[in-house]
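What follows is a single structure, written as structure tokens, with notes after it.
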Amino acid sequence: MEYKINGRRRPEREDRRPFVTNNDNYDNNDNLINYKYYNSMLIYLLEKEFKQFVRNSFLPKMVVMLPLVAMLIFPLIANFEVKNINLSVVDHDKSSQSQHLIQKIQSSGYFRLTNVADSYSAALEQVEINNADMLIEIPIGFEKELESGQGTKILIAANAVNGVKGGLGSSYLMSILNNYSGDIIATRLPVSAQLKSAGFEIIPRYWFNPTLKYVVFMIPALMVMVLAIVSGFLPAMNIVGEKEAGTIEQMNVTPVSRLHFILSKLIPYWVVGFVVLTIAILVARWVYGFKPQGSIGTIYLFASMFMLAFSGFGLVISNYAKTMQQAIFMILFFLLTFIFLSGFYTPINNMPGWAKMFSNFSPFKYIIQVIRLVYLKGNSFADMVPHFLALCGFAVFFNGWAVLSYRKKS
Amino acid sequence: MKQFAAFVQKEFYHILRDHWTMIILLVLPILMVILFGYGISTEVKNTRFAVLDPSRDVLTQGIVNKLANSEYFILGDYLTSNDEVETCFTHSDYGLVLVFGSRFAEQAMEPGGAQIQLIADGSDPNTASILTTYASSLITSYQQEMMKGETPKMMIAPEVKLLYNPSMKNSFNTVPGIMGVIIILICALMTSVSLTREKEHGTMEVLLVSPMRPMLIIFSKVIPYFCISLVNLATILLLAHFMLGVPIVGSFGLVVLISLIYIFVSLALGLFISTVAEKQIVALLISGAGLMLPVVYLSGMMFPLESMPVALQWVANIIPAKWFIIAMRNVMIKGLGFMSVIKEIAILTLMGTIIIIASLKRFKIRLE
């Protein structure tokens, strides 16, 4: 009997013929149990998978583009930073003091003076049509009351539909007003009293990220995102694709064991996962000048455990989904849940209690924390053993479930 | 008409008999409301803070108590040395460390004054700046309480009004966005996939040679998704109202009108994609990458558009969800009337008309 593979004649050695049924070599489920054939079969399957991958018109491009686009474009979008707050000013006083105050607000860098209105209602209208985010109303007699030492009132109104923006904007504005009135108090007091009121100065310091760049927060999460798509999403789509095309039946009638089939589907994507992670790390390094404080080996170690766990998740999905459409919906559903509960966008500490509890069930939580810790704080493996164990747990759980729910019979 | 009803029935069966997809379609909006409503809360509460206080006098005690008594902070440990500050951030979940100098109370009375360092964990920039802002304002107000009597009171008393959303709830901002995403998902993605599936399986030919007019075939495909999107819309509004406390301040009729126009645009988009794509996977990719991602990220639903680079802000203008969300926020949250959303309604209607004309022109009724 002659086999031709890739146009080459295969040598006719006995051990190169795994396809001849020999009862000693198979168990009752037709799984190959003779270890003599094990490795060669996996290698052929892997060769097939890699060829399919490389010959696909779309996948290789996507693997390069995905980390690049995610790392370059996403940080521009995913930005909760509050700046360029549009301010509408109603200045009833029109005095030098009020002008001075407005200048002070403008020079703070947070605000953009977009319009000057005559009345509160005119300014409110600007807020309603989204031309202004906040308005400030300076009353008549502002200067007089300040200089007489009576104290005066100022009205601030902020559009709080976006709560963060409204809240932060008004507290920025309030601290500017505080400083302004502090300055006036200081100039009006006699020297002795000035000494007494010197008080204390508050100095905010931000560790690990002194300039508060939001990119620093996003990049570790984006790396995880890209890894998840490559290691979980793609193999699941691949297997479901075989189901839809009907080629999985051909697989099921070969003596290929469940383990081999699954490994041959996963290993290529693990390799691709490392390529993608490396691209992401290089982009972080070269484009953002962002390099890990801790060891890069730790990142790879945790990443490989995460990929193992999440590809197991992909397999579970592929075992239950019959069509690509179903698979996409299931993945979308779980990915959303995992991401939101992982602290991807906002810290877990801010979540309500039940969400905090559920966040322990998101594998993303652990890996995102690890990459942030290694990148920013330089934690070592020993500090993060619980994270590692958690990821191991996910790997065992998902892969175990996947193996148990996989059926060669239809 | 009887034929048409039969076709609509067939389409309903298509959807109802695919259990997984059906369940996900109905549960997804609920999940999203919960996740977006609670999951990305940017409200900072109950943050643990540590104190490094070598002086331990009345003044420092007062400041620590002021912070500990507020709803934002919980007092954690007292640190003994500077080295411990770092472990606070690397090995436990402190958000803020308060560092006083030695002889704090004495220095505060000397010229130059004393210093308080607020050390925050900058690895989460937003929380860090919110925390330091809160802490500074608490300390400043403590300072003013202390100085009462000795110096004139605050010269400027700001009165702050937080319009439309006084409790600064995040969900007020995101609920209109969730509606935008779900409608695109169901009307555009599902419609385009179900039309291309008929093409891929070859059953489109069978439909086209039937006595039904092609227009009615498409129409019957679209109706079930239209119904599902209405169900979802109702689910989202009910959940938002009763679970998250998001009000509908403006007119309910206007909310429905805007939603219907947006559903029309989304269905038109789905139809258009199905005329471009021959395979399901292509339709999925186009609607996934071309519609879903921009709707989530470039519509202003989660991330404010004004913080983005100008080029992206231009791109955002061609995304229907952006206009839908602006109009929805104006009516639902701000309670404005028809005149305030006339621009958005006009833009959406124009978009829908152009897309529907383009896709009807492209739709092939001939066999190839």
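Residues are referred to by chain and number: the chain letter is A, B, ... according to the order shown in the structure tokens, the number counts from 1 in that chain, and ligands are numbered separately from 1 in the order shown.
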Distance cut-off 7 Å, counting only C-alpha atoms - which residues of chain A neighbour chain B? Return them as a ChimeraX atom specification. /A:76-81,83,146,151-164,166-167,174,177,181,195-196,198-210,212-214,216-217,326,329,333,340-341,345-346,350-351,376-377
Excluding A:Leu222 and its own-chain neighbours fewer than 4 positions away, which residues fall within 7 Å of it when counting only C-alpha atoms? Please give them as number ranges by chain. A: 70-71, 218, 226
Residues from last step as file, C-alpha atoms, as a compact mmCIF listing (two decimals), in the first residue's frame:
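This is the output file selection.txt:
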```
# COMPACT_ATOMS: atom_id res chain seq x y z
CA ALA A 70 -5.38 47.45 19.03
CA MET A 71 -2.25 48.93 20.52
CA MET A 218 -4.87 50.51 28.99
CA VAL A 226 -5.46 40.42 21.91
```
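Compared by their closest atoms to A:Gly246, and using only C-alpha atoms, the residues A:Phe58, A:Lys322, A:Lys365, A:Ile43 rank with A:Lys322 nearest.
Atom CA of B:Ala268 is found 5.1 Å from atom CA of B:Ile356.
Here atom CA of A:Val224 is placed at a distance of 28.5 Å from atom CA of B:Leu26.
Using only C-alpha atoms, the shortest contact distance between B:Val51 and any of B:Thr353, B:Asn65, B:Ser266, B:Thr191 is found at B:Asn65.
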Please report, as a VMD selection string, each residue of stretch 128-344 of chain B to which DSSP assigns alpha helix (DSSP H) when run on this structure's backbone. chain B and resid 128 to 147 171 to 183 191 to 201 203 to 208 214 to 242 252 to 276 280 to 287 293 to 297 310 to 317 320 to 328 342 to 344
Do a neighbour search on B:Ser229 at 12 Å with only C-alpha atoms, toss out local chain neighbours closer than 2 positions, and write the hits as JSON, numbers by chain. {"B": [25, 26, 28, 29, 179, 180, 181, 182, 183, 184, 185, 186, 187, 188, 189, 190, 191, 222, 223, 224, 225, 226, 227, 231, 232, 233, 234, 235, 236, 259, 260, 262, 263, 264, 266, 267]}
For stretch 227-230 of chain A: contacts at 8 Å, only C-alpha atoms, fewer than 5 positions along chain excluded, given as an MDAnalysis selection string: chainID A and resid 63 235 269:270 272:273 276:277 303 307 310
Residues near B:Glu344, cut-off 8 Å, only C-alpha atoms, skip fewer than 3 positions along chain, as a PyMOL selection string: chain B and resi 323-324+326-327+341+347-348
Include N, CA and C atoms and write out the residues we just selected as a PDB file, in the first residue's frame.
```pdb
ATOM      1  N   TRP B 323     -25.360  59.891  16.614  1.00  0.00           N
ATOM      2  CA  TRP B 323     -26.490  60.826  16.572  1.00  0.00           C
ATOM      3  C   TRP B 323     -27.655  60.309  17.403  1.00  0.00           C
ATOM      4  N   PHE B 324     -27.832  58.998  17.342  1.00  0.00           N
ATOM      5  CA  PHE B 324     -28.901  58.400  18.149  1.00  0.00           C
ATOM      6  C   PHE B 324     -28.659  58.664  19.635  1.00  0.00           C
ATOM      7  N   ILE B 326     -26.815  60.986  21.088  1.00  0.00           N
ATOM      8  CA  ILE B 326     -26.983  62.406  21.455  1.00  0.00           C
ATOM      9  C   ILE B 326     -28.468  62.736  21.609  1.00  0.00           C
ATOM     10  N   ALA B 327     -29.254  62.288  20.616  1.00  0.00           N
ATOM     11  CA  ALA B 327     -30.685  62.598  20.654  1.00  0.00           C
ATOM     12  C   ALA B 327     -31.344  61.952  21.867  1.00  0.00           C
ATOM     13  N   VAL B 341     -33.759  68.081  19.044  1.00  0.00           N
ATOM     14  CA  VAL B 341     -33.170  66.903  18.420  1.00  0.00           C
ATOM     15  C   VAL B 341     -33.463  66.866  16.924  1.00  0.00           C
ATOM     16  N   ILE B 347     -30.455  63.983  10.389  1.00  0.00           N
ATOM     17  CA  ILE B 347     -29.264  63.255   9.950  1.00  0.00           C
ATOM     18  C   ILE B 347     -29.552  61.757   9.858  1.00  0.00           C
ATOM     19  N   LEU B 348     -30.210  61.223  10.884  1.00  0.00           N
ATOM     20  CA  LEU B 348     -30.507  59.786  10.879  1.00  0.00           C
ATOM     21  C   LEU B 348     -31.424  59.415   9.720  1.00  0.00           C
TER      22      LEU B 348
END
```
